[in-house]
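K.L.:
This is the structure, below, for whatever I ask next.
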Amino acid sequence: MTDDSSIVQRPREYYDVAKLQLQSEFERFLDDPTTQALEAVTGAFALGAKQAFISAGRIAQAILKGRMYEQCADEWRTLREAGKIPENLGETKHGLYTWAELMKIIDDECPDSEKLDALKAAFYAVNKINQTDADQVVEYQLWQIAKELKSGDILLLRSIYVRVNSTMGNHHREWTTNMAKMSGLVISELVERHEKRLTDSLLMTPRHRVAGDTQQGYEASGINTVNNRLTSLGVRLCRNIELYKMDLEAAARPTIAP
């Protein structure tokens with residue numbers, strides 16, 4: 001019996017099956033984004049009166065998650081209709097899996113608006129159409145970084161970006177004082193707390209010793225004022241957040257017939 005006539009068929013690769021299943025789930029999500037939230041609410045009521053305090057918390061989270069699901073679905077439908085992201089999310093290298101990761105983050109963490117905005121922007125940057133292979137590599141790495149950031153990190157990062165062409169001070173203490181006021185974090189120590197994660201992620205330049213300071217244990221107080229301390233990686237991440245809002249607004253704008 002030849003290979004062509006054999007009734008024994010090779011099983012499909014798990015990767016292909018997973019992609020098809022995820023694509024189907026993505027389409028279902030766009031059509032009905034609140035299903036998961038409603039299931040969470042009904043599950044909370046099923047716990048009964050003895051666990052009412054748990055139910056209240058789960059219901060509150062379900063409402064917040066439901067709003068996030070609806071927001072994401074509405075924005076992605078708008079971008080897809082405008083031709084900004086592909087009809088089939090499986091066409092992009094990381095499309096379906098970044099979506100699955102984002103849904104898991106919403107479900108597990110219930111992120112606030114600052115982090116959700118950054119994640120949506122990073123997701124969009126990974127999945128925009130007409131990107132080069134090099135761009136896809138960079139954007140996927142930025143997606144990995146964005147997942148690890150906290151809302152305060154993002155708030156500080158965006159505040160730095162707004163003043164990327166300004167000098168907020170040539171000394172670290174002066175810089176943190178100014179950024180505390182301008183970011184809304186108010187307290188310098190909060191700026192320093194988020195500064196550490198951003199420098200560890202290479203989104204910001206770290207402090208350095210000022211020339212002539214040789215005392216052992218001296219706290220580094222010098223800063224690089226170029227781009228208000230943003231690295232090229234930090235600039236790109238912030239630019240992605242900015243572009244997401246711009247593209248979404250343009251896509252949502254009604255077209256005028258000639």
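Each chain in the structure tokens gets a letter, A, B and so on, in the order shown; residues start at 1 in every chain, and ligands are counted from 1 in the order they appear.
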If we count only C-alpha atoms and set the cut-off at 12 Å, which residues sit around stretch 170-179 of chain A, ignoring sequence neighbours fewer than 3 positions away in its own chain? Please answer as a PDB file with N, CA and C atoms, in the first residue's frame.
P.N.:
```pdb
ATOM      1  N   LEU A 155       4.391  54.716  35.645  1.00  0.00           N
ATOM      2  CA  LEU A 155       4.067  56.130  35.898  1.00  0.00           C
ATOM      3  C   LEU A 155       5.320  56.984  35.851  1.00  0.00           C
ATOM      4  N   LEU A 156       6.378  56.538  36.501  1.00  0.00           N
ATOM      5  CA  LEU A 156       7.634  57.281  36.482  1.00  0.00           C
ATOM      6  C   LEU A 156       8.230  57.300  35.080  1.00  0.00           C
ATOM      7  N   LEU A 157       8.203  56.161  34.408  1.00  0.00           N
ATOM      8  CA  LEU A 157       8.775  56.065  33.065  1.00  0.00           C
ATOM      9  C   LEU A 157       8.095  57.035  32.108  1.00  0.00           C
ATOM     10  N   ARG A 158       6.773  57.078  32.147  1.00  0.00           N
ATOM     11  CA  ARG A 158       6.034  57.966  31.248  1.00  0.00           C
ATOM     12  C   ARG A 158       6.270  59.430  31.601  1.00  0.00           C
ATOM     13  N   SER A 159       6.426  59.732  32.871  1.00  0.00           N
ATOM     14  CA  SER A 159       6.698  61.111  33.287  1.00  0.00           C
ATOM     15  C   SER A 159       8.077  61.561  32.819  1.00  0.00           C
ATOM     16  N   ILE A 160       9.032  60.638  32.854  1.00  0.00           N
ATOM     17  CA  ILE A 160      10.379  60.944  32.341  1.00  0.00           C
ATOM     18  C   ILE A 160      10.308  61.198  30.839  1.00  0.00           C
ATOM     19  N   TYR A 161       9.529  60.380  30.151  1.00  0.00           N
ATOM     20  CA  TYR A 161       9.425  60.485  28.688  1.00  0.00           C
ATOM     21  C   TYR A 161       8.824  61.823  28.262  1.00  0.00           C
ATOM     22  N   VAL A 162       7.841  62.298  29.006  1.00  0.00           N
ATOM     23  CA  VAL A 162       7.219  63.594  28.697  1.00  0.00           C
ATOM     24  C   VAL A 162       8.265  64.706  28.728  1.00  0.00           C
ATOM     25  N   ARG A 163       9.276  64.527  29.589  1.00  0.00           N
ATOM     26  CA  ARG A 163      10.324  65.546  29.751  1.00  0.00           C
ATOM     27  C   ARG A 163      11.661  65.052  29.208  1.00  0.00           C
ATOM     28  N   VAL A 164      11.588  64.216  28.155  1.00  0.00           N
ATOM     29  CA  VAL A 164      12.794  63.583  27.616  1.00  0.00           C
ATOM     30  C   VAL A 164      13.786  64.602  27.062  1.00  0.00           C
ATOM     31  N   SER A 166      14.229  67.623  28.406  1.00  0.00           N
ATOM     32  CA  SER A 166      14.517  68.581  29.477  1.00  0.00           C
ATOM     33  C   SER A 166      15.574  68.017  30.416  1.00  0.00           C
ATOM     34  N   THR A 167      16.156  68.896  31.209  1.00  0.00           N
ATOM     35  CA  THR A 167      17.112  68.488  32.235  1.00  0.00           C
ATOM     36  C   THR A 167      16.477  68.732  33.591  1.00  0.00           C
ATOM     37  N   MET A 182       6.732  66.029  39.546  1.00  0.00           N
ATOM     38  CA  MET A 182       6.177  66.005  38.190  1.00  0.00           C
ATOM     39  C   MET A 182       5.486  64.688  37.837  1.00  0.00           C
ATOM     40  N   SER A 183       5.845  63.618  38.527  1.00  0.00           N
ATOM     41  CA  SER A 183       5.237  62.314  38.246  1.00  0.00           C
ATOM     42  C   SER A 183       3.989  62.063  39.078  1.00  0.00           C
ATOM     43  N   GLY A 184       3.821  62.844  40.152  1.00  0.00           N
ATOM     44  CA  GLY A 184       2.714  62.602  41.061  1.00  0.00           C
ATOM     45  C   GLY A 184       3.044  61.614  42.157  1.00  0.00           C
ATOM     46  N   LEU A 185       4.277  61.097  42.166  1.00  0.00           N
ATOM     47  CA  LEU A 185       4.688  60.180  43.236  1.00  0.00           C
ATOM     48  C   LEU A 185       4.951  60.911  44.539  1.00  0.00           C
ATOM     49  N   VAL A 186       5.206  62.217  44.445  1.00  0.00           N
ATOM     50  CA  VAL A 186       5.293  63.152  45.578  1.00  0.00           C
ATOM     51  C   VAL A 186       6.560  62.975  46.417  1.00  0.00           C
ATOM     52  N   ILE A 187       6.842  61.750  46.859  1.00  0.00           N
ATOM     53  CA  ILE A 187       7.945  61.491  47.781  1.00  0.00           C
ATOM     54  C   ILE A 187       9.159  60.962  47.011  1.00  0.00           C
ATOM     55  N   SER A 188      10.317  61.544  47.284  1.00  0.00           N
ATOM     56  CA  SER A 188      11.545  61.182  46.555  1.00  0.00           C
ATOM     57  C   SER A 188      11.880  59.704  46.694  1.00  0.00           C
ATOM     58  N   GLU A 189      11.638  59.159  47.893  1.00  0.00           N
ATOM     59  CA  GLU A 189      11.968  57.747  48.104  1.00  0.00           C
ATOM     60  C   GLU A 189      11.138  56.824  47.216  1.00  0.00           C
ATOM     61  N   LEU A 190       9.927  57.229  46.880  1.00  0.00           N
ATOM     62  CA  LEU A 190       9.122  56.426  45.959  1.00  0.00           C
ATOM     63  C   LEU A 190       9.728  56.445  44.561  1.00  0.00           C
ATOM     64  N   VAL A 191      10.247  57.601  44.162  1.00  0.00           N
ATOM     65  CA  VAL A 191      10.931  57.686  42.874  1.00  0.00           C
ATOM     66  C   VAL A 191      12.125  56.741  42.868  1.00  0.00           C
ATOM     67  N   GLU A 192      12.917  56.746  43.945  1.00  0.00           N
ATOM     68  CA  GLU A 192      14.094  55.889  44.028  1.00  0.00           C
ATOM     69  C   GLU A 192      13.703  54.413  44.000  1.00  0.00           C
ATOM     70  N   ARG A 193      12.575  54.090  44.620  1.00  0.00           N
ATOM     71  CA  ARG A 193      12.114  52.696  44.646  1.00  0.00           C
ATOM     72  C   ARG A 193      11.832  52.190  43.231  1.00  0.00           C
ATOM     73  N   HIS A 194      11.145  52.995  42.441  1.00  0.00           N
ATOM     74  CA  HIS A 194      10.817  52.593  41.078  1.00  0.00           C
ATOM     75  C   HIS A 194      12.007  52.776  40.134  1.00  0.00           C
ATOM     76  N   GLU A 195      12.873  53.701  40.466  1.00  0.00           N
ATOM     77  CA  GLU A 195      14.088  53.922  39.685  1.00  0.00           C
ATOM     78  C   GLU A 195      14.927  52.647  39.609  1.00  0.00           C
ATOM     79  N   THR A 205      19.188  54.963  32.680  1.00  0.00           N
ATOM     80  CA  THR A 205      20.615  54.904  33.003  1.00  0.00           C
ATOM     81  C   THR A 205      20.791  54.972  34.515  1.00  0.00           C
ATOM     82  N   PRO A 206      21.723  54.216  35.075  1.00  0.00           N
ATOM     83  CA  PRO A 206      21.920  54.210  36.528  1.00  0.00           C
ATOM     84  C   PRO A 206      22.708  55.433  36.995  1.00  0.00           C
ATOM     85  N   ARG A 207      22.746  55.620  38.300  1.00  0.00           N
ATOM     86  CA  ARG A 207      23.599  56.674  38.857  1.00  0.00           C
ATOM     87  C   ARG A 207      25.072  56.294  38.671  1.00  0.00           C
ATOM     88  N   HIS A 208      25.915  57.299  38.805  1.00  0.00           N
ATOM     89  CA  HIS A 208      27.349  57.019  38.745  1.00  0.00           C
ATOM     90  C   HIS A 208      28.079  57.955  39.702  1.00  0.00           C
ATOM     91  N   ARG A 209      29.302  57.605  40.009  1.00  0.00           N
ATOM     92  CA  ARG A 209      30.109  58.444  40.888  1.00  0.00           C
ATOM     93  C   ARG A 209      30.526  59.711  40.158  1.00  0.00           C
ATOM     94  N   VAL A 210      30.488  60.795  40.871  1.00  0.00           N
ATOM     95  CA  VAL A 210      30.924  62.077  40.319  1.00  0.00           C
ATOM     96  C   VAL A 210      32.450  62.107  40.319  1.00  0.00           C
ATOM     97  N   GLU A 219      27.871  57.227  48.244  1.00  0.00           N
ATOM     98  CA  GLU A 219      26.698  56.942  47.423  1.00  0.00           C
ATOM     99  C   GLU A 219      26.794  57.667  46.084  1.00  0.00           C
ATOM    100  N   ALA A 220      26.703  56.933  44.999  1.00  0.00           N
ATOM    101  CA  ALA A 220      26.776  57.541  43.676  1.00  0.00           C
ATOM    102  C   ALA A 220      25.679  58.581  43.521  1.00  0.00           C
ATOM    103  N   SER A 221      26.053  59.770  43.074  1.00  0.00           N
ATOM    104  CA  SER A 221      25.084  60.869  42.990  1.00  0.00           C
ATOM    105  C   SER A 221      25.014  61.508  41.617  1.00  0.00           C
ATOM    106  N   GLY A 222      25.893  61.072  40.698  1.00  0.00           N
ATOM    107  CA  GLY A 222      25.869  61.633  39.363  1.00  0.00           C
ATOM    108  C   GLY A 222      24.841  60.933  38.489  1.00  0.00           C
ATOM    109  N   ILE A 223      24.285  61.646  37.520  1.00  0.00           N
ATOM    110  CA  ILE A 223      23.317  61.059  36.599  1.00  0.00           C
ATOM    111  C   ILE A 223      23.641  61.510  35.177  1.00  0.00           C
ATOM    112  N   ASN A 224      23.193  60.715  34.234  1.00  0.00           N
ATOM    113  CA  ASN A 224      23.329  61.055  32.819  1.00  0.00           C
ATOM    114  C   ASN A 224      22.054  61.797  32.406  1.00  0.00           C
ATOM    115  N   THR A 225      22.194  63.067  32.049  1.00  0.00           N
ATOM    116  CA  THR A 225      21.010  63.880  31.748  1.00  0.00           C
ATOM    117  C   THR A 225      20.500  63.701  30.321  1.00  0.00           C
ATOM    118  N   VAL A 226      21.210  62.949  29.483  1.00  0.00           N
ATOM    119  CA  VAL A 226      20.761  62.725  28.109  1.00  0.00           C
ATOM    120  C   VAL A 226      19.417  61.996  28.117  1.00  0.00           C
ATOM    121  N   ASN A 228      16.873  62.702  29.603  1.00  0.00           N
ATOM    122  CA  ASN A 228      16.327  62.680  30.971  1.00  0.00           C
ATOM    123  C   ASN A 228      16.471  61.295  31.600  1.00  0.00           C
ATOM    124  N   ARG A 229      17.601  60.632  31.287  1.00  0.00           N
ATOM    125  CA  ARG A 229      18.006  59.337  31.831  1.00  0.00           C
ATOM    126  C   ARG A 229      17.367  58.134  31.131  1.00  0.00           C
TER     127      ARG A 229
END
```
K.L.:
What's around A:Asn240 at 8 Å? Count only C-alpha atoms, leave out sequence neighbours fewer than 5 positions away in its own chain, and write the answer as a ChimeraX atom specification.
P.N.:
/A:121-122,125
K.L.:
Give me, as a PyMOL selection string, all polymer residues having an atom no more than 12 Å from stretch 85-95 of chain A, counting only C-alpha atoms and skipping those fewer than 6 positions away in the same chain.
P.N.:
chain A and resi 15-27+30+75-79+101-102+122-133+135-137+139-141+143-144+244+247-248+251
K.L.:
Those residues you just picked out, can you put them in a file as a short mmCIF file (atom, residue, chain, number, x, y, z; two decimals), in the first residue's frame with C-alpha atoms?
P.N.:
```
data_model
loop_
_atom_site.label_atom_id
_atom_site.label_comp_id
_atom_site.auth_asym_id
_atom_site.auth_seq_id
_atom_site.Cartn_x
_atom_site.Cartn_y
_atom_site.Cartn_z
CA TYR A 15 1.70 23.40 17.87
CA ASP A 16 -0.69 23.71 14.91
CA VAL A 17 -3.63 22.41 16.92
CA ALA A 18 -2.87 24.83 19.75
CA LYS A 19 -2.72 27.75 17.32
CA LEU A 20 -6.11 26.84 15.85
CA GLN A 21 -7.66 26.51 19.29
CA LEU A 22 -6.21 29.82 20.44
CA GLN A 23 -7.39 31.58 17.28
CA SER A 24 -10.88 30.23 17.91
CA GLU A 25 -10.75 31.45 21.51
CA PHE A 26 -9.52 34.86 20.39
CA GLU A 27 -12.46 35.20 17.99
CA LEU A 30 -13.83 39.51 20.57
CA GLU A 75 -9.96 48.37 21.00
CA TRP A 76 -8.65 45.32 19.16
CA ARG A 77 -11.77 45.12 17.00
CA THR A 78 -11.27 48.77 16.09
CA LEU A 79 -7.60 48.24 15.21
CA GLU A 101 -0.39 35.77 28.28
CA LEU A 102 -2.21 39.08 28.54
CA ALA A 122 3.31 46.22 24.11
CA PHE A 123 0.88 43.62 22.75
CA TYR A 124 -0.01 45.89 19.84
CA ALA A 125 3.66 46.62 19.08
CA VAL A 126 4.35 42.87 18.81
CA ASN A 127 1.38 42.25 16.51
CA LYS A 128 1.30 45.26 14.16
CA ILE A 129 1.24 44.32 10.50
CA ASN A 130 4.07 45.04 8.06
CA GLN A 131 6.89 44.76 10.61
CA THR A 132 10.39 43.59 9.84
CA ASP A 133 11.75 40.47 11.51
CA ASP A 135 11.31 44.83 14.77
CA GLN A 136 9.37 41.76 15.87
CA VAL A 137 12.35 40.52 17.89
CA GLU A 139 9.04 44.31 20.35
CA TYR A 140 8.71 40.81 21.78
CA GLN A 141 11.58 41.51 24.17
CA TRP A 143 6.70 42.73 25.81
CA GLN A 144 8.66 40.51 28.21
CA TYR A 244 -0.89 52.80 20.61
CA ASP A 247 -3.26 54.65 16.26
CA LEU A 248 -6.34 53.72 18.28
CA ALA A 251 -8.68 54.00 13.81
#
```
K.L.:
Name the residues in contact with stretch 67-71 of chain A at a cut-off of 12 Å, using only C-alpha atoms, excluding same-chain residues fewer than 4 positions from it; report them as a PyMOL selection string.
P.N.:
chain A and resi 26+28-38+60-63+75-78+99+102-107+109-113+115-117+119-120+248
